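Student: Let me begin by handing over the structure; questions about it come next.
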Amino acid sequence: MEYSPVVVEQKILCCQCGTAITPNPSNMCINCIRNEVDISEGIPKQATLHFCRNCERYLQPPTIWINALLESRELLGLCLKKLKGLNKVRLIDAGFIWTEPHSRRIKVKLTIQKEVFASTILQQVFEVEYIVSYQQCNDCARVMAQNTWQALVQVRQKVNHKRTFLYLEQLILKHNAHKDTINIKEVKDGIDFFYAQKSHALKMVEFLTNITPSRSKTSEQLISTDIHSNTSNYKFTFSVEIVPICKDDLVCLPLKVARSLGNISPLVICYRIGNSIHVMDPNTLAVSEVQTALFWRMPFTSLATSKDLVEYYVLDVEPLGPVRDKFVLADIQVARSTDFGKNNVTSFARSHLGGILNPGDTVLGYDLSSSNFNDKVYDALNRDQLPDVILVKKSYPNRRKKKKSRNWKLKSLNKEEDEMKQKKNDAEKIEQDYEMFLRDLEEDPEFRQSVNLYKMPNSKENNEMDVDGKEISQGDKT
């Protein structure tokens, strides 16, 4: 029979309360150690968080404001950074304790460890309460106050309509390029963007340069200076001028410019505007691109704009064969819509619209035979070689007569109007420009691709929007 010794654990008495405990270096029980030593000493049990109600951000000292949702990792990290003595202990766990959202109190439960005696580690759980105090951040203070902007971007175009800025507004909304603005002001010839920092204004100038043919100038104004610290306060102004050429304009290029573009015909139409000017000769389908630097080196203006377009009735279309992308060269016989049925005056025009025009359609064009242009370059051209009519785009008069309400809409920037009160005629002119812009969106699918359309909330259709006689789904915003 084997002998199995019985191991009996030795016990000692606690030196404080006399309770039998397992021997340890402190010779004290756990309760007595907790009564003698508080490892959370030096860690504040209450702190303050500064919260901006306007932008819903929290202050991260010294001057950084961050976005953080309730009970998020970002907010928990901010709360832990507010506790000064937390680096002297070992953090085991941290979590939020639920509180009412309107109580302006945030509670965090912490679990920490610390070595109190030799080879004796004590773990403790405690709560920290944070009081949410309202404080306005510097950005919101600048917005609420006046004349606190540091940088200004002035966008201007010397034309007699607002359609360019309506399109530019939709591009800004689509790319969210206005997120850093503190104010947007609409003036007579353009729009002003105000910024709290110079870097934000430079981003807007770079965005405008990438999407429009434009040039910019910079100026600065000294506001104050400190000779002791050698610091100064400036206000910066960036002036962005967009070229005065728009889509569907009739342009007469200077001879040097026309020769530099592959010896294209001087009399062209502008069929697209990007970060450069795209022109086309409707008689030959020759296209070219006028770079921004070339335009400002040898500037030119439009002979006629879209407001000078005349409506014609198409009598006959004879394709000639040449095709470039969506353009088809054709000889088209037209008559003025106002003269149709009253006289037998017709005109022949060679146009790029042979692919979309049929007898019986209506088309918009420029009447050169009865127009008088004050342009030296145009006067130098041989009149015998010029056409009587230059057709630009197809027209849809029947759709306008129906006056069908659109079941889609566009968003707009929150702009501040100019201090000078608009006249009644100016308001009507702006409404006409906006209506023409909406018609261009309806009639031109390529133009519509760069703009976001939104379904009207009270539209009867469930998931469809009618644009250009076709239905597109609500999710396919173009």
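Identifiers in this document derive from the order of the structure tokens: chains are assigned A, B, ..., residues are numbered from 1 separately in each chain, and ligands are numbered from 1 in order of occurrence.
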Could you give me, as a list in words, each residue of region 90-174 of chain A that DSSP assigns to helix (DSSP H, G or I) when run on this structure's backbone?
Tutor: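 Result set for region 90-174 of chain A (helix (DSSP H, G or I)): Pro101, His102, Ser103, Asn138, Asp139, Cys140, Ala141, Arg142, Val143, Met144, Arg163, Thr164, Phe165, Leu166, Tyr167, Leu168, Glu169, Gln170, Leu171, Ile172, Leu173 and Lys174 of chain A.
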Student: Might you pull out every residue within 7 Å of region 241-250 of chain A, with only C-alpha atoms counted and same-chain residues fewer than 6 positions away left off, and present them as a list in words?
Tutor: Val155, Arg156, Gln157, Lys158, Val159, Thr212, Pro213, Ser214, Arg215, Ser216, Val268, Ile269, Cys270, Tyr271, Arg272, Ile273, Thr301, Ser302, Leu303, Ala304, Thr305, Ser306 and Val392 of chain A
Student: Please write the residues from the selection above to a file, keeping N, CA and C atoms, as a PDB file, in the first residue's frame.
Tutor:
```pdb
ATOM      1  N   VAL A 155     -15.839  84.966 -58.751  1.00  0.00           N
ATOM      2  CA  VAL A 155     -15.997  84.322 -60.054  1.00  0.00           C
ATOM      3  C   VAL A 155     -16.837  85.243 -60.933  1.00  0.00           C
ATOM      4  N   ARG A 156     -16.304  85.590 -62.103  1.00  0.00           N
ATOM      5  CA  ARG A 156     -16.983  86.532 -62.985  1.00  0.00           C
ATOM      6  C   ARG A 156     -16.954  86.027 -64.420  1.00  0.00           C
ATOM      7  N   GLN A 157     -17.994  86.404 -65.174  1.00  0.00           N
ATOM      8  CA  GLN A 157     -18.055  86.167 -66.614  1.00  0.00           C
ATOM      9  C   GLN A 157     -18.818  87.318 -67.254  1.00  0.00           C
ATOM     10  N   LYS A 158     -18.225  87.897 -68.282  1.00  0.00           N
ATOM     11  CA  LYS A 158     -18.794  89.085 -68.916  1.00  0.00           C
ATOM     12  C   LYS A 158     -19.718  88.675 -70.045  1.00  0.00           C
ATOM     13  N   VAL A 159     -20.890  88.153 -69.676  1.00  0.00           N
ATOM     14  CA  VAL A 159     -21.929  87.799 -70.636  1.00  0.00           C
ATOM     15  C   VAL A 159     -23.251  88.352 -70.120  1.00  0.00           C
ATOM     16  N   THR A 212     -13.455  74.817 -65.981  1.00  0.00           N
ATOM     17  CA  THR A 212     -13.830  75.927 -66.850  1.00  0.00           C
ATOM     18  C   THR A 212     -12.583  76.553 -67.466  1.00  0.00           C
ATOM     19  N   PRO A 213     -12.689  77.109 -68.675  1.00  0.00           N
ATOM     20  CA  PRO A 213     -11.570  77.872 -69.238  1.00  0.00           C
ATOM     21  C   PRO A 213     -11.514  79.248 -68.582  1.00  0.00           C
ATOM     22  N   SER A 214     -10.592  79.443 -67.701  1.00  0.00           N
ATOM     23  CA  SER A 214     -10.572  80.667 -66.901  1.00  0.00           C
ATOM     24  C   SER A 214      -9.139  81.034 -66.546  1.00  0.00           C
ATOM     25  N   ARG A 215      -8.974  82.222 -66.023  1.00  0.00           N
ATOM     26  CA  ARG A 215      -7.701  82.691 -65.496  1.00  0.00           C
ATOM     27  C   ARG A 215      -7.963  83.347 -64.140  1.00  0.00           C
ATOM     28  N   SER A 216      -6.943  83.375 -63.313  1.00  0.00           N
ATOM     29  CA  SER A 216      -7.120  83.897 -61.959  1.00  0.00           C
ATOM     30  C   SER A 216      -6.011  84.880 -61.615  1.00  0.00           C
ATOM     31  N   VAL A 268     -17.009  79.656 -86.857  1.00  0.00           N
ATOM     32  CA  VAL A 268     -17.283  78.361 -86.229  1.00  0.00           C
ATOM     33  C   VAL A 268     -18.350  78.549 -85.160  1.00  0.00           C
ATOM     34  N   ILE A 269     -18.841  77.428 -84.664  1.00  0.00           N
ATOM     35  CA  ILE A 269     -19.771  77.440 -83.532  1.00  0.00           C
ATOM     36  C   ILE A 269     -19.122  76.681 -82.376  1.00  0.00           C
ATOM     37  N   CYS A 270     -19.419  77.102 -81.167  1.00  0.00           N
ATOM     38  CA  CYS A 270     -18.916  76.440 -79.962  1.00  0.00           C
ATOM     39  C   CYS A 270     -19.923  75.353 -79.571  1.00  0.00           C
ATOM     40  N   TYR A 271     -19.491  74.089 -79.670  1.00  0.00           N
ATOM     41  CA  TYR A 271     -20.415  72.996 -79.399  1.00  0.00           C
ATOM     42  C   TYR A 271     -20.226  72.383 -78.019  1.00  0.00           C
ATOM     43  N   ARG A 272     -19.143  72.756 -77.319  1.00  0.00           N
ATOM     44  CA  ARG A 272     -18.933  72.236 -75.968  1.00  0.00           C
ATOM     45  C   ARG A 272     -17.935  73.110 -75.226  1.00  0.00           C
ATOM     46  N   ILE A 273     -18.129  73.230 -73.901  1.00  0.00           N
ATOM     47  CA  ILE A 273     -17.211  73.981 -73.048  1.00  0.00           C
ATOM     48  C   ILE A 273     -16.756  73.063 -71.921  1.00  0.00           C
ATOM     49  N   THR A 301     -14.412  87.485 -78.931  1.00  0.00           N
ATOM     50  CA  THR A 301     -15.754  87.444 -78.352  1.00  0.00           C
ATOM     51  C   THR A 301     -16.700  86.732 -79.316  1.00  0.00           C
ATOM     52  N   SER A 302     -17.926  86.526 -78.848  1.00  0.00           N
ATOM     53  CA  SER A 302     -18.939  85.854 -79.662  1.00  0.00           C
ATOM     54  C   SER A 302     -19.592  86.842 -80.617  1.00  0.00           C
ATOM     55  N   LEU A 303     -19.827  86.379 -81.844  1.00  0.00           N
ATOM     56  CA  LEU A 303     -20.602  87.198 -82.771  1.00  0.00           C
ATOM     57  C   LEU A 303     -22.068  87.234 -82.367  1.00  0.00           C
ATOM     58  N   ALA A 304     -22.593  86.088 -81.973  1.00  0.00           N
ATOM     59  CA  ALA A 304     -24.001  85.980 -81.578  1.00  0.00           C
ATOM     60  C   ALA A 304     -24.109  84.907 -80.502  1.00  0.00           C
ATOM     61  N   THR A 305     -25.071  85.086 -79.617  1.00  0.00           N
ATOM     62  CA  THR A 305     -25.305  84.146 -78.528  1.00  0.00           C
ATOM     63  C   THR A 305     -26.622  83.402 -78.747  1.00  0.00           C
ATOM     64  N   SER A 306     -26.954  82.515 -77.823  1.00  0.00           N
ATOM     65  CA  SER A 306     -28.156  81.702 -77.973  1.00  0.00           C
ATOM     66  C   SER A 306     -29.434  82.532 -77.960  1.00  0.00           C
ATOM     67  N   VAL A 392     -27.748  75.363 -85.510  1.00  0.00           N
ATOM     68  CA  VAL A 392     -27.019  75.068 -84.280  1.00  0.00           C
ATOM     69  C   VAL A 392     -27.583  73.844 -83.572  1.00  0.00           C
TER      70      VAL A 392
END
```
Student: Extract the full set of strand (DSSP E or B) residues from region 58-259 of chain A according to DSSP on the backbone, and format it as number ranges by chain.
Tutor: A: 58-60, 64-66, 90-97, 105-117, 120-134, 151-157, 181-187, 190-195, 214-226, 231-242, 250-252
Student: Give me, please, the distance in Å between CA of Tyr134 (chain A) and CA of Cys52 (chain A), quoted to one decimal.
Tutor: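 Atom-to-atom, CA of Tyr134 (chain A) to CA of Cys52 (chain A), that is 5.8 Å.
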Student: Which residues, written as a PyMOL selection string, have at least one atom at most 12 Å from region 115-124 of chain A, with only C-alpha atoms counted and residues fewer than 3 positions away on the same chain left out?
Tutor: chain A and resi 23-41+88-93+109-112+127
Student: Using the selection just defined, write its residues with C-alpha atoms as a PDB file, in the first residue's frame.
Tutor:
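Output saved as again-v3.pdb:
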```pdb
ATOM      1  CA  PRO A  23       0.579  34.156   2.408  1.00  0.00           C
ATOM      2  CA  ASN A  24       1.493  37.166   0.222  1.00  0.00           C
ATOM      3  CA  PRO A  25       4.221  39.820   0.346  1.00  0.00           C
ATOM      4  CA  SER A  26       1.910  42.403   1.966  1.00  0.00           C
ATOM      5  CA  ASN A  27       0.501  39.981   4.591  1.00  0.00           C
ATOM      6  CA  MET A  28      -2.890  41.626   4.115  1.00  0.00           C
ATOM      7  CA  CYS A  29      -6.179  40.473   2.683  1.00  0.00           C
ATOM      8  CA  ILE A  30      -7.624  42.005  -0.475  1.00  0.00           C
ATOM      9  CA  ASN A  31     -10.169  44.130   1.400  1.00  0.00           C
ATOM     10  CA  CYS A  32      -7.511  45.605   3.657  1.00  0.00           C
ATOM     11  CA  ILE A  33      -5.248  46.327   0.653  1.00  0.00           C
ATOM     12  CA  ARG A  34      -8.118  48.205  -1.048  1.00  0.00           C
ATOM     13  CA  ASN A  35      -8.760  50.129   2.169  1.00  0.00           C
ATOM     14  CA  GLU A  36      -5.103  51.029   2.500  1.00  0.00           C
ATOM     15  CA  VAL A  37      -4.302  51.759  -1.187  1.00  0.00           C
ATOM     16  CA  ASP A  38      -6.457  53.527  -3.808  1.00  0.00           C
ATOM     17  CA  ILE A  39      -4.843  52.956  -7.225  1.00  0.00           C
ATOM     18  CA  SER A  40      -7.297  55.388  -8.841  1.00  0.00           C
ATOM     19  CA  GLU A  41      -5.902  58.239  -6.766  1.00  0.00           C
ATOM     20  CA  LYS A  88       0.517  55.904 -14.332  1.00  0.00           C
ATOM     21  CA  VAL A  89      -1.692  52.791 -14.315  1.00  0.00           C
ATOM     22  CA  ARG A  90      -2.470  49.972 -16.736  1.00  0.00           C
ATOM     23  CA  LEU A  91      -5.801  50.353 -18.503  1.00  0.00           C
ATOM     24  CA  ILE A  92      -7.562  47.009 -18.866  1.00  0.00           C
ATOM     25  CA  ASP A  93     -11.018  47.975 -20.162  1.00  0.00           C
ATOM     26  CA  LYS A 109     -16.544  52.722 -16.765  1.00  0.00           C
ATOM     27  CA  LEU A 110     -12.784  52.058 -16.393  1.00  0.00           C
ATOM     28  CA  THR A 111     -10.912  48.939 -15.264  1.00  0.00           C
ATOM     29  CA  ILE A 112      -7.277  49.555 -14.253  1.00  0.00           C
ATOM     30  CA  GLU A 127     -16.629  55.430 -13.052  1.00  0.00           C
TER      31      GLU A 127
END
```
Student: Using only C-alpha atoms, which of A:Thr164, A:Asn458, A:Ser395, A:Gln449 sits nearest Asn407 (chain A)?
Tutor: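 Closest candidate: A:Asn458.
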Student: Record the distance separating CA of Ala151 (chain A) and CA of Phe238 (chain A), expressed in Å with one decimal.
Tutor: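 Atom-to-atom, CA of Ala151 (chain A) and CA of Phe238 (chain A) are spaced 7.7 Å apart.
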Student: Skip region 346-353 of chain A itself and residues of its chain fewer than 5 positions away, then list as JSON, numbers by chain all residues within 8 Å of it, counting only C-alpha atoms.
Tutor: {"A": [282, 283, 285, 327, 328, 329, 330, 331, 332, 333, 334, 335, 336, 387, 388, 389, 390, 391, 392, 393, 394]}
Student: Could you save the residues just selected, with N, CA and C atoms, as a compact mmCIF listing (two decimals), in the first residue's frame?
Tutor:
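Result file follows (selection23.txt):
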```txt
# COMPACT_ATOMS: atom_id res chain seq x y z
N PRO A 282 -19.30 73.95 -89.13
CA PRO A 282 -20.47 73.15 -89.57
C PRO A 282 -20.46 72.81 -91.04
N ASN A 283 -19.60 73.47 -91.84
CA ASN A 283 -19.56 73.18 -93.27
C ASN A 283 -18.69 71.96 -93.59
N LEU A 285 -17.36 69.76 -90.74
CA LEU A 285 -17.28 68.94 -89.54
C LEU A 285 -15.88 68.96 -88.92
N PHE A 327 -22.18 63.63 -85.26
CA PHE A 327 -22.49 64.65 -86.26
C PHE A 327 -22.46 64.03 -87.66
N VAL A 328 -23.46 64.39 -88.45
CA VAL A 328 -23.58 63.91 -89.83
C VAL A 328 -23.73 65.14 -90.73
N LEU A 329 -22.84 65.26 -91.72
CA LEU A 329 -22.89 66.42 -92.62
C LEU A 329 -24.03 66.24 -93.61
N ALA A 330 -24.81 67.31 -93.78
CA ALA A 330 -25.96 67.25 -94.68
C ALA A 330 -26.29 68.64 -95.18
N ASP A 331 -26.91 68.67 -96.37
CA ASP A 331 -27.48 69.91 -96.90
C ASP A 331 -28.94 69.96 -96.49
N ILE A 332 -29.33 71.05 -95.85
CA ILE A 332 -30.68 71.16 -95.29
C ILE A 332 -31.35 72.40 -95.85
N GLN A 333 -32.57 72.23 -96.33
CA GLN A 333 -33.38 73.36 -96.80
C GLN A 333 -34.34 73.76 -95.70
N VAL A 334 -34.31 75.04 -95.33
CA VAL A 334 -35.12 75.52 -94.22
C VAL A 334 -35.84 76.80 -94.63
N ALA A 335 -36.85 77.11 -93.85
CA ALA A 335 -37.59 78.36 -93.99
C ALA A 335 -37.91 78.88 -92.60
N ARG A 336 -37.91 80.19 -92.46
CA ARG A 336 -38.24 80.79 -91.16
C ARG A 336 -39.63 80.34 -90.71
N PRO A 387 -22.38 81.29 -95.61
CA PRO A 387 -23.76 80.79 -95.75
C PRO A 387 -24.76 81.81 -95.25
N ASP A 388 -26.00 81.66 -95.71
CA ASP A 388 -27.07 82.54 -95.23
C ASP A 388 -27.53 82.15 -93.83
N VAL A 389 -27.47 80.86 -93.53
CA VAL A 389 -27.96 80.36 -92.24
C VAL A 389 -26.94 79.37 -91.69
N ILE A 390 -26.69 79.43 -90.39
CA ILE A 390 -25.88 78.44 -89.69
C ILE A 390 -26.78 77.78 -88.64
N LEU A 391 -27.07 76.51 -88.82
CA LEU A 391 -27.95 75.79 -87.89
C LEU A 391 -27.14 75.30 -86.69
N VAL A 392 -27.75 75.36 -85.51
CA VAL A 392 -27.02 75.07 -84.28
C VAL A 392 -27.58 73.84 -83.57
N LYS A 393 -28.89 73.81 -83.30
CA LYS A 393 -29.45 72.70 -82.54
C LYS A 393 -30.92 72.52 -82.89
N LYS A 394 -31.40 71.32 -82.62
CA LYS A 394 -32.79 70.99 -82.88
C LYS A 394 -33.69 71.62 -81.81
```
Student: With only C-alpha atoms as the basis for distance, which of A:Gln154, A:Gln197, A:Asn67, A:Thr338 is at the shortest distance from Glu311 (chain A)?
Tutor: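 Closest residue, counting only C-alpha atoms: A:Thr338.
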